[in-house]
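As stored in data-v5.cif (mmCIF, C-alpha atoms and all ligand atoms):
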data_input
#
loop_
_atom_site.label_atom_id
_atom_site.label_comp_id
_atom_site.auth_asym_id
_atom_site.auth_seq_id
_atom_site.Cartn_x
_atom_site.Cartn_y
_atom_site.Cartn_z
CA MET Y 1 0.00 0.00 0.00
CA SER Y 2 1.39 3.46 -0.85
CA ASP Y 3 1.87 6.13 1.78
CA LEU Y 4 -1.06 8.04 0.34
CA GLU Y 5 -3.39 5.05 0.44
CA ASP Y 6 -2.18 4.49 3.99
CA ALA Y 7 -3.15 8.02 4.86
CA ARG Y 8 -6.62 7.45 3.46
CA ARG Y 9 -7.51 4.41 5.56
CA ILE Y 10 -6.81 4.43 9.26
CA ARG Y 11 -8.09 2.52 12.23
CA ILE Y 12 -9.33 4.47 15.22
CA GLY Y 13 -10.34 2.27 18.13
CA GLN Y 14 -12.59 -0.40 16.61
CA THR Y 15 -13.54 1.57 13.50
CA TRP Y 16 -11.94 2.14 10.11
CA LEU Y 17 -12.00 5.70 8.81
CA GLU Y 18 -11.63 5.97 5.03
CA LEU Y 19 -11.40 8.75 2.48
CA VAL Y 20 -12.44 7.82 -1.06
CA LEU Y 21 -13.18 9.54 -4.34
CA GLY Y 22 -16.67 8.77 -5.57
CA ASP Y 23 -20.40 9.30 -5.80
CA ILE Y 24 -22.18 8.81 -2.51
CA THR Y 25 -25.38 7.56 -4.16
CA GLN Y 26 -23.49 4.42 -5.26
CA GLN Y 27 -22.18 3.53 -1.80
CA ASP Y 28 -22.86 0.15 -0.29
CA ALA Y 29 -23.10 1.29 3.33
CA ASP Y 30 -25.80 0.67 5.93
CA ALA Y 31 -26.55 4.40 5.64
CA ILE Y 32 -25.43 7.29 3.51
CA VAL Y 33 -25.61 10.82 4.83
CA ASN Y 34 -27.33 13.52 2.81
CA ALA Y 35 -26.20 17.15 2.98
CA ALA Y 36 -29.82 18.28 3.27
CA ASN Y 37 -31.41 21.67 3.75
CA SER Y 38 -33.69 22.33 6.70
CA SER Y 39 -36.88 21.78 4.70
CA LEU Y 40 -35.80 18.17 3.97
CA LEU Y 41 -37.70 18.53 0.69
CA GLY Y 42 -34.73 17.97 -1.60
CA GLY Y 43 -32.52 20.43 -3.43
CA GLY Y 44 -29.48 20.56 -5.68
CA GLY Y 45 -26.04 19.00 -5.31
CA VAL Y 46 -25.74 15.81 -3.35
CA ASP Y 47 -29.31 16.19 -2.02
CA GLY Y 48 -30.78 16.15 -5.55
CA ALA Y 49 -28.59 13.22 -6.56
CA ILE Y 50 -29.69 11.17 -3.52
CA HIS Y 51 -33.38 11.89 -4.12
CA ARG Y 52 -33.05 10.94 -7.80
CA ALA Y 53 -31.28 7.70 -6.98
CA ALA Y 54 -33.58 6.76 -4.09
CA GLY Y 55 -36.79 7.47 -6.01
CA PRO Y 56 -39.93 9.48 -5.16
CA GLN Y 57 -40.75 7.51 -2.01
CA LEU Y 58 -37.88 9.25 -0.27
CA LEU Y 59 -39.55 12.63 -0.70
CA GLU Y 60 -42.85 11.15 0.52
CA GLU Y 61 -41.11 10.13 3.74
CA THR Y 62 -39.11 13.33 4.26
CA ARG Y 63 -42.29 15.42 3.75
CA LYS Y 64 -43.73 13.80 6.88
CA LEU Y 65 -40.76 14.81 9.02
CA GLY Y 66 -41.59 18.53 9.10
CA GLY Y 67 -38.05 19.76 8.49
CA CYS Y 68 -34.89 19.64 10.58
CA PRO Y 69 -33.00 22.45 12.33
CA THR Y 70 -29.44 23.30 11.30
CA GLY Y 71 -26.92 21.12 13.13
CA GLU Y 72 -29.33 18.20 13.51
CA ALA Y 73 -30.14 15.08 11.48
CA ARG Y 74 -33.09 12.80 10.68
CA ILE Y 75 -33.19 9.24 9.36
CA THR Y 76 -35.31 7.68 6.61
CA ARG Y 77 -35.26 4.50 4.58
CA GLY Y 78 -33.05 4.35 1.48
CA TYR Y 79 -35.62 2.96 -1.02
CA ASN Y 80 -33.87 2.31 -4.37
CA LEU Y 81 -30.40 3.03 -2.98
CA LYS Y 82 -28.00 0.27 -2.03
CA ALA Y 83 -27.92 1.88 1.42
CA ARG Y 84 -30.72 0.77 3.74
CA TYR Y 85 -31.03 4.21 5.33
CA VAL Y 86 -30.43 7.85 4.50
CA ILE Y 87 -29.42 10.16 7.33
CA HIS Y 88 -30.36 13.72 6.40
CA ALA Y 89 -27.95 16.12 8.10
CA VAL Y 90 -28.38 19.88 7.92
CA GLY Y 91 -25.07 21.72 7.91
CA PRO Y 92 -24.77 25.49 8.27
CA VAL Y 93 -24.80 28.02 5.46
CA TYR Y 94 -21.29 29.45 5.92
CA GLN Y 95 -21.30 32.92 7.48
CA PRO Y 96 -17.85 34.49 7.06
CA GLY Y 97 -16.42 35.44 10.44
CA SER Y 98 -19.13 33.77 12.48
CA PRO Y 99 -18.00 31.61 15.40
CA ARG Y 100 -21.10 29.45 14.94
CA ASN Y 101 -20.00 27.77 11.67
CA GLN Y 102 -17.76 25.25 13.34
CA ALA Y 103 -20.12 24.23 16.15
CA LEU Y 104 -23.03 23.77 13.74
CA LEU Y 105 -20.98 21.75 11.25
CA ALA Y 106 -19.59 19.51 14.01
CA SER Y 107 -23.09 19.07 15.38
CA ALA Y 108 -24.45 17.97 11.96
CA TYR Y 109 -21.78 15.24 11.83
CA ARG Y 110 -22.25 14.21 15.47
CA SER Y 111 -26.04 14.00 15.13
CA SER Y 112 -25.62 11.72 12.10
CA LEU Y 113 -23.20 9.46 13.97
CA GLU Y 114 -25.53 9.31 16.98
CA LEU Y 115 -28.46 8.25 14.78
CA ALA Y 116 -26.32 5.60 13.08
CA VAL Y 117 -25.38 4.13 16.45
CA GLN Y 118 -28.95 4.35 17.72
CA TYR Y 119 -29.96 2.18 14.75
CA GLY Y 120 -27.07 -0.22 15.36
CA LEU Y 121 -25.52 0.51 11.95
CA ARG Y 122 -22.13 -0.90 11.05
CA SER Y 123 -21.18 1.32 8.12
CA LEU Y 124 -21.78 4.94 7.25
CA ALA Y 125 -20.78 7.16 4.31
CA PHE Y 126 -20.58 10.95 4.56
CA PRO Y 127 -20.31 13.60 1.84
CA SER Y 128 -18.48 16.83 2.59
CA ILE Y 129 -21.38 18.63 4.27
CA SER Y 130 -21.84 22.40 3.62
CA THR Y 131 -18.92 22.73 1.18
CA GLY Y 132 -21.02 23.11 -1.97
CA ALA Y 133 -23.95 25.52 -2.25
CA TYR Y 134 -23.60 26.37 1.47
CA GLY Y 135 -20.19 27.91 0.83
CA TYR Y 136 -18.12 26.45 3.70
CA PRO Y 137 -14.47 26.56 2.51
CA LEU Y 138 -13.14 23.01 2.10
CA GLU Y 139 -9.91 23.79 3.97
CA GLU Y 140 -11.92 24.93 7.01
CA ALA Y 141 -14.61 22.24 6.84
CA ALA Y 142 -12.33 19.20 6.43
CA PRO Y 143 -10.59 19.41 9.84
CA VAL Y 144 -13.91 19.98 11.61
CA ALA Y 145 -15.57 17.05 9.84
CA LEU Y 146 -12.65 14.69 10.44
CA GLN Y 147 -11.96 15.67 14.04
CA THR Y 148 -15.64 15.22 14.93
CA VAL Y 149 -15.71 11.73 13.42
CA CYS Y 150 -12.34 10.77 14.97
CA ASP Y 151 -13.49 11.88 18.43
CA PHE Y 152 -16.76 9.98 18.08
CA ILE Y 153 -15.28 6.67 16.96
CA ALA Y 154 -12.49 6.75 19.53
CA ALA Y 155 -15.05 5.16 21.89
CA PRO Y 156 -16.51 1.75 20.90
CA THR Y 157 -19.73 1.93 18.84
CA SER Y 158 -21.61 -0.32 16.40
CA LEU Y 159 -19.69 1.30 13.54
CA GLU Y 160 -17.11 -0.87 11.77
CA TRP Y 161 -16.32 1.75 9.16
CA VAL Y 162 -17.04 5.39 8.38
CA ARG Y 163 -16.18 6.68 4.94
CA PHE Y 164 -15.96 10.17 3.50
CA VAL Y 165 -16.96 10.05 -0.16
CA LEU Y 166 -15.34 13.04 -1.84
CA PHE Y 167 -16.68 14.11 -5.19
CA ASN Y 168 -13.51 15.42 -6.82
CA ALA Y 169 -9.73 15.17 -6.56
CA LEU Y 170 -9.39 18.55 -4.84
CA ALA Y 171 -11.77 17.58 -2.04
CA LEU Y 172 -9.97 14.25 -1.60
CA ALA Y 173 -6.61 16.02 -1.41
CA VAL Y 174 -7.83 18.56 1.13
CA TYR Y 175 -9.38 15.87 3.34
CA THR Y 176 -6.25 13.70 3.06
CA GLN Y 177 -4.07 16.58 4.18
CA ALA Y 178 -6.40 17.45 7.06
CA LEU Y 179 -6.39 13.83 8.24
CA GLN Y 180 -2.59 13.70 8.14
CA MET Y 181 -2.49 16.88 10.24
CA ILE Y 182 -4.85 15.40 12.85
CA LEU Y 183 -2.79 12.20 13.04
CA ARG Y 184 0.45 14.15 13.40
CA ARG Y 185 -1.03 16.20 16.21
CA GLN Y 186 -2.34 13.08 17.95
CA ARG Y 187 1.07 11.43 17.72
CA ALA Y 188 2.81 14.52 19.10
CA ASP Y 189 0.31 14.68 21.99
CA SER Y 190 0.87 11.04 22.91
CA GLU Y 191 4.67 11.25 22.89
CA PRO Y 192 6.29 11.44 26.32
CA ALA Y 193 7.39 14.99 27.22
P1 LIG Y 201 -24.31 21.88 0.81
O1 LIG Y 201 -25.60 22.60 0.48
O2 LIG Y 201 -24.34 21.24 2.18
O3 LIG Y 201 -23.11 22.74 0.57
P2 LIG Y 201 -23.90 20.45 -1.72
O4 LIG Y 201 -24.63 19.25 -2.19
O5 LIG Y 201 -24.07 21.70 -2.50
O6 LIG Y 201 -24.31 20.62 -0.18
O7 LIG Y 201 -22.35 20.11 -1.63
C1 LIG Y 201 -21.77 19.36 -0.62
C2 LIG Y 201 -20.61 18.57 -1.19
O8 LIG Y 201 -21.10 17.41 -1.85
C3 LIG Y 201 -19.79 19.33 -2.23
O9 LIG Y 201 -18.41 19.20 -1.88
C4 LIG Y 201 -20.10 18.61 -3.54
O10 LIG Y 201 -18.98 18.58 -4.41
C5 LIG Y 201 -20.41 17.21 -3.05
N1 LIG Y 201 -21.25 16.37 -3.92
C6 LIG Y 201 -22.14 16.72 -4.86
N2 LIG Y 201 -22.70 15.62 -5.42
C7 LIG Y 201 -22.15 14.54 -4.79
C8 LIG Y 201 -22.28 13.12 -4.91
N3 LIG Y 201 -23.13 12.57 -5.79
N4 LIG Y 201 -21.52 12.33 -4.10
C9 LIG Y 201 -20.67 12.86 -3.20
N5 LIG Y 201 -20.49 14.18 -3.04
C10 LIG Y 201 -21.21 15.02 -3.82
#

What is this file in structure tokens?
Amino acid sequence: MSDLEDARRIRIGQTWLELVLGDITQQDADAIVNAANSSLLGGGGVDGAIHRAAGPQLLEETRKLGGCPTGEARITRGYNLKARYVIHAVGPVYQPGSPRNQALLASAYRSSLELAVQYGLRSLAFPSISTGAYGYPLEEAAPVALQTVCDFIAAPTSLEWVRFVLFNALALAVYTQALQMILRRQRADSEPA
């Protein structure tokens, strides 16, 4: 395995964390996460792609949920997707200079992970929440997304693997670098003084 591949698949506690290039609608995970908006009625980007791939029954189910506040998540069935469930997470619309961006983004990831564990799921695939139409810069979002997942899976859960499915080479590169940074920091912290 090359150093780069190494950097894209690491074990934290009992869970594998992976970074891959791909289309989240094609993922064979117990659940895929949707970067939804608070109406939960579908939209563009990854949300539109998931609704198209899942079929119209997904919208029928999300309509009944009555929306979802920013920073929270809701779960539905996956219908025509390979994934059994879709976890609809609402990330923040990026507000330059606001201290709330980070907390809300971390909360969207954490809420998704909590739902996955509540349902006893073993595998979960995330997109890069908020970094498309919602304008969160990739370089700022990646460390928040990764640190939140790393912290969560450090304790034992039902999750055997969590995967970030990045849609283009730039996103994969930015996430890979952010993960390397987190690992370096962890190693430095655990070294004897
Ligand atoms: P948001 O409104 O939360 O910003 P977007 O869907 O606009 O959500 O974008 C979130 C991220 O998802 C972007 O980085 C975009 O490139 C990516 N994306 C879009 N389509 C897909 C897909 N089919 N699979 C994985 N990622 C996708």

Kindly compile the residues surrounding ligand LIG 201 (chain Y) within 9 Å, counting all atoms listed in the file, and format them as a ChimeraX atom specification.
/Y:21-26,34-37,43-50,89-94,126-136,138,164-168,171

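Between CA of Tyr175 in chain Y and CA of Gly13 in chain Y there is a distance of 20.1 Å.
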
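Comparing Y:Ser190, Y:Leu58, Y:Ile10, Y:Gly67 by their smallest distance to Thr176 in chain Y, the closest is Y:Ile10 (using only C-alpha atoms).
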
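The nearest approach to Leu170 in chain Y among the residues Y:Ala31, Y:Ile153, Y:Val20, Y:Tyr85, with all atoms listed in the file taken into account, belongs to Y:Val20.
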
Of Y:Tyr119, Y:Arg8, Y:Thr15, Y:Thr62, the one sitting nearest Ala155 in chain Y when using only C-alpha atoms is Y:Thr15

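The smallest atom-to-atom distance between Arg11 in chain Y and any of Y:Ala54, Y:Ala188, Y:Cys150, Y:Ala116, using only C-alpha atoms, is found for Y:Cys150.
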
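For the atom pair formed by CA of Leu121 in chain Y and CA of Leu40 in chain Y, the distance is 21.9 Å, given to one decimal.
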
Atomic distance CA of Cys68 in chain Y - CA of Arg52 in chain Y, expressed in Å with one decimal
20.4 Å

What are the centre and edge lengths in Å, to one decimal, of the axis-aligned box around all listed atoms of range 180-186 of chain Y with 4 Å added on each side, as JSON?
{"center_x": -2.2, "center_y": 14.5, "center_z": 13.0, "size_x": 13.3, "size_y": 12.7, "size_z": 17.8}

Which is closer to Ala29 in chain Y than all the others in Y:Ser123, Y:Gln177, Y:Gln57, Y:Gln147, using all atoms listed in the file?
Y:Ser123

Which polymer residues, whether protein, DNA or RNA, lie within 12 Å of the coordinate (-25.9, 2.0, 6.5) when you count all atoms listed in the file? List them as a PyMOL selection string, using the chain letters and numbers from the file.
chain Y and resi 24+27-33+75-78+81-87+112-113+115-126+158-163

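Of the listed residues Y:Leu172, Y:Pro56, Y:Gln95, Y:Ala106, the one whose atoms come nearest to Asn80 in chain Y is Y:Pro56, with distances taken using all atoms listed in the file.
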